[in-house]
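S.K.: Here you go, this is my_file.csv (CSV, C-alpha atoms and all ligand atoms).
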```csv
chain,number,residue,atom,x,y,z
A,1,MET,CA,-70.3,22.2,-131.1
A,2,SER,CA,-66.6,22.1,-131.7
A,3,LYS,CA,-64.4,22.1,-128.6
A,4,LEU,CA,-60.8,23.3,-128.1
A,5,LEU,CA,-58.7,20.5,-126.5
A,6,VAL,CA,-55.1,21.3,-125.5
A,7,ALA,CA,-52.5,18.8,-124.5
A,8,ASN,CA,-49.9,20.2,-122.1
A,9,TRP,CA,-47.0,17.8,-122.0
A,10,LYS,CA,-45.1,20.0,-119.6
A,11,MET,CA,-41.5,18.9,-119.1
A,12,GLN,CA,-42.4,15.2,-118.9
A,13,LEU,CA,-41.0,13.8,-122.1
A,14,THR,CA,-37.7,13.4,-124.0
A,15,ILE,CA,-37.6,14.5,-127.6
A,16,LYS,CA,-37.8,10.9,-128.7
A,17,GLU,CA,-40.8,10.2,-126.4
A,18,SER,CA,-42.5,13.3,-127.7
A,19,LEU,CA,-42.0,12.1,-131.3
A,20,THR,CA,-43.4,8.7,-130.5
A,21,LEU,CA,-46.4,10.1,-128.6
A,22,ALA,CA,-47.2,12.6,-131.4
A,23,ALA,CA,-47.0,9.8,-134.0
A,24,GLN,CA,-49.1,7.4,-131.9
A,25,PHE,CA,-51.7,10.1,-131.3
A,26,ALA,CA,-51.9,11.2,-134.9
A,27,LYS,CA,-52.5,7.6,-135.9
A,28,ILE,CA,-55.4,7.2,-133.6
A,29,VAL,CA,-57.0,10.6,-134.1
A,30,LYS,CA,-57.3,10.8,-137.9
A,31,THR,CA,-60.5,13.0,-137.9
A,32,THR,CA,-62.2,15.1,-135.2
A,33,LYS,CA,-64.7,17.9,-135.2
A,34,ASN,CA,-62.8,19.4,-132.3
A,35,GLU,CA,-59.7,21.6,-132.5
A,36,VAL,CA,-56.8,19.7,-130.9
A,37,VAL,CA,-53.6,21.5,-129.9
A,38,ILE,CA,-50.4,19.6,-128.9
A,39,CYS,CA,-48.0,21.5,-126.7
A,40,PRO,CA,-44.6,19.8,-126.4
A,41,ASP,CA,-41.6,21.5,-124.7
A,42,TYR,CA,-39.5,24.0,-126.6
A,43,SER,CA,-36.9,21.4,-127.6
A,44,ALA,CA,-39.4,19.1,-129.2
A,45,LEU,CA,-41.4,21.7,-131.2
A,46,SER,CA,-39.4,21.5,-134.4
A,47,PHE,CA,-39.6,17.7,-134.3
A,48,VAL,CA,-43.3,17.4,-133.5
A,49,GLY,CA,-44.4,20.2,-135.8
A,50,PRO,CA,-43.7,18.3,-139.1
A,51,ILE,CA,-45.6,15.2,-137.7
A,52,LEU,CA,-48.7,17.4,-137.0
A,53,LYS,CA,-48.5,19.2,-140.3
A,54,LYS,CA,-49.7,16.0,-142.0
A,55,THR,CA,-52.7,15.9,-139.7
A,56,LYS,CA,-55.6,18.0,-138.5
A,57,LEU,CA,-53.7,18.6,-135.2
A,58,THR,CA,-52.3,22.0,-134.3
A,59,LEU,CA,-49.0,22.9,-132.7
A,60,GLY,CA,-48.8,24.9,-129.5
A,61,ALA,CA,-46.1,26.1,-127.1
A,62,GLN,CA,-46.0,26.1,-123.3
A,63,ASP,CA,-44.7,29.6,-122.9
A,64,SER,CA,-43.1,32.4,-124.9
A,65,ALA,CA,-41.0,35.5,-124.1
A,66,THR,CA,-42.1,39.1,-123.5
A,67,ASP,CA,-40.3,40.4,-126.5
A,68,ASN,CA,-39.3,39.4,-130.1
A,69,ARG,CA,-35.7,40.3,-129.6
A,70,ALA,CA,-33.9,41.2,-126.3
A,71,ALA,CA,-30.9,40.3,-124.1
A,72,LEU,CA,-33.0,37.7,-122.3
A,73,THR,CA,-30.7,34.6,-121.8
A,74,GLY,CA,-32.7,31.4,-122.0
A,75,GLU,CA,-36.0,32.9,-123.3
A,76,VAL,CA,-37.6,31.9,-126.5
A,77,SER,CA,-39.0,34.5,-128.9
A,78,PRO,CA,-42.6,34.3,-130.1
A,79,LEU,CA,-41.1,35.3,-133.5
A,80,ASN,CA,-39.3,32.0,-133.6
A,81,LEU,CA,-42.3,30.1,-132.3
A,82,LYS,CA,-44.4,31.5,-135.1
A,83,ALA,CA,-41.7,30.4,-137.6
A,84,LEU,CA,-41.9,26.8,-136.2
A,85,GLY,CA,-45.6,26.8,-136.9
A,86,VAL,CA,-46.9,27.4,-133.4
A,87,LYS,CA,-50.6,28.6,-133.4
A,88,TYR,CA,-51.4,28.7,-129.6
A,89,VAL,CA,-49.3,29.4,-126.6
A,90,ILE,CA,-50.1,28.6,-122.9
A,91,LEU,CA,-49.3,31.7,-120.8
A,92,GLY,CA,-49.4,32.2,-117.0
A,93,HIS,CA,-49.6,28.5,-116.1
A,94,SER,CA,-49.8,28.2,-112.3
A,95,GLU,CA,-46.6,26.1,-112.3
A,96,ARG,CA,-44.7,29.1,-113.8
A,97,ARG,CA,-46.5,31.6,-111.5
A,98,GLU,CA,-45.5,29.5,-108.5
A,99,HIS,CA,-42.1,27.9,-109.2
A,100,LEU,CA,-40.7,30.6,-111.6
A,101,HIS,CA,-42.3,33.6,-109.9
A,102,GLU,CA,-44.0,34.8,-113.0
A,103,ASN,CA,-46.3,37.7,-112.2
A,104,SER,CA,-49.3,39.2,-114.0
A,105,ALA,CA,-47.2,42.1,-115.3
A,106,ILE,CA,-44.9,39.7,-117.1
A,107,ILE,CA,-47.8,37.5,-118.3
A,108,ASN,CA,-49.5,40.6,-119.6
A,109,ARG,CA,-46.4,41.5,-121.7
A,110,LYS,CA,-46.2,37.9,-123.0
A,111,ILE,CA,-49.8,38.0,-124.1
A,112,LYS,CA,-49.3,41.2,-126.0
A,113,SER,CA,-46.1,39.9,-127.6
A,114,ALA,CA,-47.8,36.7,-128.7
A,115,LEU,CA,-50.7,38.6,-130.2
A,116,VAL,CA,-48.3,40.8,-132.2
A,117,ASN,CA,-47.0,37.6,-133.7
A,118,LYS,CA,-50.5,36.3,-134.4
A,119,ILE,CA,-50.1,33.5,-131.9
A,120,ILE,CA,-53.3,32.8,-129.8
A,121,PRO,CA,-52.5,33.2,-126.1
A,122,ILE,CA,-54.2,30.7,-123.7
A,123,LEU,CA,-54.2,32.7,-120.5
A,124,CYS,CA,-54.3,30.4,-117.4
A,125,ILE,CA,-56.0,31.6,-114.3
A,126,GLY,CA,-56.9,29.8,-111.1
A,127,GLU,CA,-57.3,30.0,-107.4
A,128,LYS,CA,-55.3,28.2,-104.7
A,129,LEU,CA,-57.1,26.1,-102.1
A,130,THR,CA,-56.7,28.8,-99.5
A,131,GLU,CA,-58.4,31.4,-101.7
A,132,ARG,CA,-61.2,28.9,-102.3
A,133,GLU,CA,-61.6,28.1,-98.6
A,134,ASP,CA,-61.7,31.9,-97.8
A,135,GLY,CA,-64.5,32.3,-100.3
A,136,GLN,CA,-62.3,34.6,-102.4
A,137,THR,CA,-62.4,32.5,-105.7
A,138,LYS,CA,-64.3,35.0,-107.9
A,139,LEU,CA,-62.6,38.0,-106.5
A,140,PHE,CA,-59.2,36.4,-107.1
A,141,LEU,CA,-60.0,35.3,-110.7
A,142,ASN,CA,-61.4,38.7,-111.5
A,143,GLU,CA,-58.1,40.3,-110.4
A,144,GLU,CA,-56.0,37.8,-112.4
A,145,LEU,CA,-58.1,38.7,-115.4
A,146,HIS,CA,-57.8,42.4,-114.9
A,147,HIS,CA,-54.0,42.3,-114.4
A,148,GLY,CA,-53.3,39.8,-117.1
A,149,LEU,CA,-55.5,41.4,-119.7
A,150,LYS,CA,-54.7,45.1,-119.0
A,151,GLY,CA,-54.5,47.0,-122.2
A,152,VAL,CA,-54.9,43.8,-124.3
A,153,LYS,CA,-56.7,44.4,-127.6
A,154,ILE,CA,-58.0,41.6,-129.8
A,155,LYS,CA,-59.7,41.9,-133.2
A,156,THR,CA,-61.9,38.8,-132.9
A,157,ALA,CA,-63.2,36.5,-130.2
A,158,SER,CA,-61.0,33.6,-131.4
A,159,ASP,CA,-57.8,35.6,-130.9
A,160,LEU,CA,-57.4,34.7,-127.2
A,161,VAL,CA,-58.5,31.9,-124.9
A,162,ILE,CA,-58.8,31.7,-121.1
A,163,ALA,CA,-58.1,28.5,-119.3
A,164,TYR,CA,-59.6,28.2,-115.9
A,165,GLU,CA,-57.5,25.9,-113.8
A,166,PRO,CA,-58.3,25.7,-110.1
A,167,ILE,CA,-54.7,25.0,-108.8
A,168,TRP,CA,-55.9,22.5,-106.2
A,169,ALA,CA,-57.5,20.4,-108.9
A,170,ILE,CA,-54.4,20.0,-111.1
A,171,SER,CA,-53.5,16.3,-110.9
A,172,THR,CA,-49.9,16.7,-109.9
A,173,ASN,CA,-50.7,18.8,-106.9
A,174,LYS,CA,-50.9,17.3,-103.4
A,175,ASN,CA,-54.4,15.9,-102.6
A,176,ALA,CA,-55.7,17.1,-105.9
A,177,LYS,CA,-59.4,16.4,-106.5
A,178,PRO,CA,-61.4,17.4,-109.5
A,179,MET,CA,-63.9,20.3,-109.3
A,180,SER,CA,-67.4,19.2,-110.1
A,181,PRO,CA,-68.4,20.0,-113.7
A,182,GLN,CA,-71.4,22.0,-112.5
A,183,GLU,CA,-69.3,24.2,-110.3
A,184,ALA,CA,-66.7,24.6,-113.0
A,185,ASP,CA,-69.5,25.7,-115.4
A,186,GLU,CA,-70.8,28.2,-112.9
A,187,ILE,CA,-67.3,29.8,-112.4
A,188,GLN,CA,-66.6,29.7,-116.1
A,189,LYS,CA,-69.8,31.7,-116.7
A,190,PHE,CA,-68.5,34.3,-114.4
A,191,ILE,CA,-65.1,34.3,-116.1
A,192,ARG,CA,-66.7,34.6,-119.5
A,193,ALA,CA,-68.7,37.7,-118.4
A,194,SER,CA,-65.7,39.3,-116.7
A,195,ALA,CA,-63.4,38.7,-119.7
A,196,ALA,CA,-66.1,40.1,-122.0
A,197,LYS,CA,-66.2,43.3,-120.0
A,198,ILE,CA,-62.4,43.8,-120.3
A,199,LEU,CA,-61.9,42.6,-123.9
A,200,LYS,CA,-65.3,43.6,-125.4
A,201,LYS,CA,-65.3,40.1,-127.0
A,202,ASN,CA,-66.8,36.8,-126.0
A,203,VAL,CA,-63.6,34.7,-125.9
A,204,ARG,CA,-63.5,30.9,-125.3
A,205,VAL,CA,-63.1,29.7,-121.8
A,206,ILE,CA,-61.7,26.2,-121.4
A,207,TYR,CA,-61.3,24.1,-118.2
A,208,GLY,CA,-58.3,22.3,-116.8
A,209,GLY,CA,-57.7,20.2,-113.7
A,210,SER,CA,-57.6,16.4,-113.7
A,211,VAL,CA,-59.6,16.1,-116.9
A,212,ASP,CA,-59.3,12.6,-118.3
A,213,GLU,CA,-61.0,10.0,-120.5
A,214,LYS,CA,-63.5,9.1,-117.7
A,215,ASN,CA,-64.8,12.6,-116.8
A,216,ALA,CA,-64.2,14.6,-120.1
A,217,VAL,CA,-67.8,14.3,-121.3
A,218,SER,CA,-69.2,15.6,-118.1
A,219,TYR,CA,-67.1,18.7,-118.4
A,220,LEU,CA,-67.4,19.2,-122.1
A,221,SER,CA,-71.2,18.9,-122.1
A,222,GLN,CA,-71.5,22.0,-119.8
A,223,PRO,CA,-72.6,25.2,-121.7
A,224,ASN,CA,-69.8,27.4,-120.4
A,225,ILE,CA,-66.9,25.0,-121.0
A,226,ASP,CA,-65.5,25.5,-124.5
A,227,GLY,CA,-62.8,22.9,-124.2
A,228,ALA,CA,-60.2,21.4,-121.9
A,229,LEU,CA,-56.5,21.9,-121.0
A,230,VAL,CA,-55.2,18.4,-120.2
A,231,GLY,CA,-52.0,17.6,-118.4
A,232,GLY,CA,-51.5,14.1,-117.1
A,233,ALA,CA,-54.0,12.4,-119.3
A,234,SER,CA,-52.5,13.9,-122.4
A,235,LEU,CA,-49.3,11.9,-121.9
A,236,LYS,CA,-51.0,8.6,-123.0
A,237,ALA,CA,-52.1,8.5,-126.6
A,238,ASN,CA,-55.2,6.4,-125.9
A,239,SER,CA,-56.4,8.5,-122.9
A,240,PHE,CA,-56.1,11.8,-124.8
A,241,ALA,CA,-57.6,10.3,-127.9
A,242,ALA,CA,-60.6,9.2,-125.8
A,243,VAL,CA,-60.9,12.8,-124.5
A,244,VAL,CA,-60.8,14.2,-128.0
A,245,LYS,CA,-63.4,11.8,-129.3
A,301,LIG,C1,-52.4,21.4,-116.1
A,301,LIG,O1,-51.4,21.4,-115.4
A,301,LIG,O2,-52.5,22.3,-117.0
A,301,LIG,C2,-53.4,20.3,-116.0
A,301,LIG,C3,-54.6,20.6,-116.4
A,301,LIG,O3,-52.9,19.2,-115.5
A,301,LIG,P1,-53.8,17.9,-115.2
A,301,LIG,O4,-54.7,17.6,-116.3
A,301,LIG,O5,-52.8,16.8,-115.0
A,301,LIG,O6,-54.6,18.2,-113.9
```
With the file now loaded, output its structure as structure tokens.

M.R.:
Amino acid sequence: MSKLLVANWKMQLTIKESLTLAAQFAKIVKTTKNEVVICPDYSALSFVGPILKKTKLTLGAQDSATDNRAALTGEVSPLNLKALGVKYVILGHSERREHLHENSAIINRKIKSALVNKIIPILCIGEKLTEREDGQTKLFLNEELHHGLKGVKIKTASDLVIAYEPIWAISTNKNAKPMSPQEADEIQKFIRASAAKILKKNVRVIYGGSVDEKNAVSYLSQPNIDGALVGGASLKANSFAAVVK
């Protein structure tokens, strides 16, 4: 079955490096049965977009604003992202929730705004280590889903994606260690059911947290894992190509 594989380059590359990586990657991955989304930072979108256009790869963004037009200095309108050819947008990433204090109310508005512009939101949810240790994981995820998806209406199951990213498993976090694929699958089954109750649609649920070329198959072969959101390993063309293949 086709999987959704999303590269999150975060703020790790210059425009020149983004161009080089996109070109290298496009050269290695000429064909794939999977849907592959490359998310450069805002400044690189208009440069990377034309490279991807000649391939089967899709352009994504790492965030977008709550409104199409507003006095919001520094924000980027989903209207403009759409014009640049963006098909997916990552929303509610744990780094934005933690370092930029983005809350579920803001994320909820961003989701609605992306949908209005026919951009597919990838809503990130995930528990911290303390919530896990307190046995609160599912309770916490359910709350993030309910707040993030409040009043969200989608027409088809492919209009929205959930990315489950246990924060303690993200490779750049201190003492990060990957969640076992079996546990990720079990939690994703719960997320799928919970999201289906809210949205009345069976949306895709992808996994993120230290996924790389060595462990990708063990995650992607699980029945409730519809794809992966990849940070660190997406910064090397060969590593991400191996995940995609
Ligand atoms: C992420 O931050 O979205 C992520 C999945 O990162 P990594 O793959 O590096 O753990």

S.K.: Between A:Ser210, A:Thr31, A:Ser43, A:Asn238, which has the minimum distance to Ser171 of chain A (counting all atoms listed in the file)?

M.R.: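 Counting all atoms listed in the file, the residue closest to Ser171 of chain A is A:Ser210.
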
S.K.: Would you mind listing the residues within 6 Å of ligand LIG 301 (chain A), counting all atoms listed in the file, as a list in words?

M.R.: Ile170, Ser171, Thr172, Gly208, Gly209, Ser210, Val211, Leu229, Val230, Gly231 and Gly232 of chain A

S.K.: Those same residues - C-alpha atoms - I'd like them written as a PDB file, keeping the file's coordinate frame.

M.R.:
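To be explicit, this is the file written out as again.pdb:
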```pdb
ATOM      1  CA  ILE A 170     -54.400  20.000-111.100  1.00  0.00           C
ATOM      2  CA  SER A 171     -53.500  16.300-110.900  1.00  0.00           C
ATOM      3  CA  THR A 172     -49.900  16.700-109.900  1.00  0.00           C
ATOM      4  CA  GLY A 208     -58.300  22.300-116.800  1.00  0.00           C
ATOM      5  CA  GLY A 209     -57.700  20.200-113.700  1.00  0.00           C
ATOM      6  CA  SER A 210     -57.600  16.400-113.700  1.00  0.00           C
ATOM      7  CA  VAL A 211     -59.600  16.100-116.900  1.00  0.00           C
ATOM      8  CA  LEU A 229     -56.500  21.900-121.000  1.00  0.00           C
ATOM      9  CA  VAL A 230     -55.200  18.400-120.200  1.00  0.00           C
ATOM     10  CA  GLY A 231     -52.000  17.600-118.400  1.00  0.00           C
ATOM     11  CA  GLY A 232     -51.500  14.100-117.100  1.00  0.00           C
TER      12      GLY A 232
END
```

S.K.: Please report the interatomic distance between atom CA of Lys201 of chain A and atom CA of Ala157 of chain A in Å with one decimal.

M.R.: 5.3 Å

S.K.: For each of A:Lys3, A:Glu144, A:Gly49, A:Ile167, take the minimum atom-to-atom distance to Val205 of chain A, counting all atoms listed in the file, then give the residue where this is smallest.

M.R.: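 Using all atoms listed in the file, the shortest distance to Val205 of chain A belongs to A:Lys3.
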
S.K.: Per residue of segment 51-151 of chain A within 10 Å of segment 10-14 of chain A, note the shortest atom pair and the distance in Å to one decimal, counting all atoms listed in the file, and order the rows by chain and increasing residue number, as CSV.

M.R.:
```
residue,atom,partner,partner_atom,distance
A:Ala61,CA,A:Lys10,CA,9.7
A:Gln62,CA,A:Lys10,CA,7.2
A:Glu95,CA,A:Lys10,CA,9.6
```

S.K.: Keeping only C-alpha atoms, write the selected residues to a file as a compact mmCIF listing (two decimals), in the coordinates of the input.

M.R.:
```txt
# COMPACT_ATOMS: atom_id res chain seq x y z
CA ALA A 61 -46.10 26.10 -127.10
CA GLN A 62 -46.00 26.10 -123.30
CA GLU A 95 -46.60 26.10 -112.30
```

S.K.: Looking at A:Phe190, A:Tyr88, A:Trp168, A:Phe25, which one is nearest to Leu123 of chain A, with distances taken over only C-alpha atoms?

M.R.: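 Ranked by minimum distance to Leu123 of chain A, first place goes to A:Tyr88.
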
S.K.: Name the closest residue to Ser18 of chain A among the candidates A:Leu72, A:Val86, A:Val244, A:Val48; distances are taken between atoms, counting all atoms listed in the file.

M.R.: A:Val48

S.K.: Between atom CA of Lys128 of chain A and atom CA of Lys150 of chain A, measure the distance and give it in Å to one decimal.

M.R.: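 Atom-to-atom, atom CA of Lys128 of chain A to atom CA of Lys150 of chain A, that is 22.1 Å.
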
S.K.: Place a sphere of radius 7 Å on (-50.5, 19.7, -128.2) in the file coordinates and name every protein, DNA or RNA residue with an atom inside or on its surface, counting all atoms listed in the file; give the answer as a PyMOL selection string.

M.R.: chain A and resi 6-8+36-40+58-60

S.K.: How many Å lie between atom CA of Pro181 of chain A and atom CA of Tyr219 of chain A, rounded to one decimal?

M.R.: 5.0 Å

S.K.: At a cut-off of 6 Å from (-54.9, 27.0, -114.1) in the coordinates of the file, what residues are picked up using only C-alpha atoms, written as a list of chain:residue names?

M.R.: A:His93, A:Ser94, A:Cys124, A:Ile125, A:Gly126, A:Tyr164, A:Glu165, A:Pro166, A:Ile167

S.K.: Rank nothing, just name the residue among A:Asn215, A:Ser46, A:Ser234, A:Ser2 nearest to Leu19 of chain A, using all atoms listed in the file.

M.R.: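 Nearest to Leu19 of chain A: A:Ser46.
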
S.K.: Hey, what's within 10 Å of Lys16 of chain A if we count all atoms listed in the file and toss same-chain stuff fewer than 6 positions away? As a PyMOL selection string, please?

M.R.: chain A and resi 22+44+47-48

S.K.: I want to know what sits within 9 Å of Ser239 of chain A, based on all atoms listed in the file, with residues of the same chain fewer than 6 positions away left out; could you give that as a PDB file with C-alpha atoms, keeping the file's coordinate frame?

M.R.:
```pdb
ATOM      1  CA  ASP A 212     -59.300  12.600-118.300  1.00  0.00           C
ATOM      2  CA  GLU A 213     -61.000  10.000-120.500  1.00  0.00           C
ATOM      3  CA  LYS A 214     -63.500   9.100-117.700  1.00  0.00           C
ATOM      4  CA  ALA A 233     -54.000  12.400-119.300  1.00  0.00           C
TER       5      ALA A 233
END
```

S.K.: Which of these, A:Ile15, A:Ile154, A:Ala83, A:Val243, has the shortest distance to Val116 of chain A once you count all atoms listed in the file?

M.R.: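 Going through A:Ile15, A:Ile154, A:Ala83, A:Val243 one by one, the smallest distance to Val116 of chain A is for A:Ile154.
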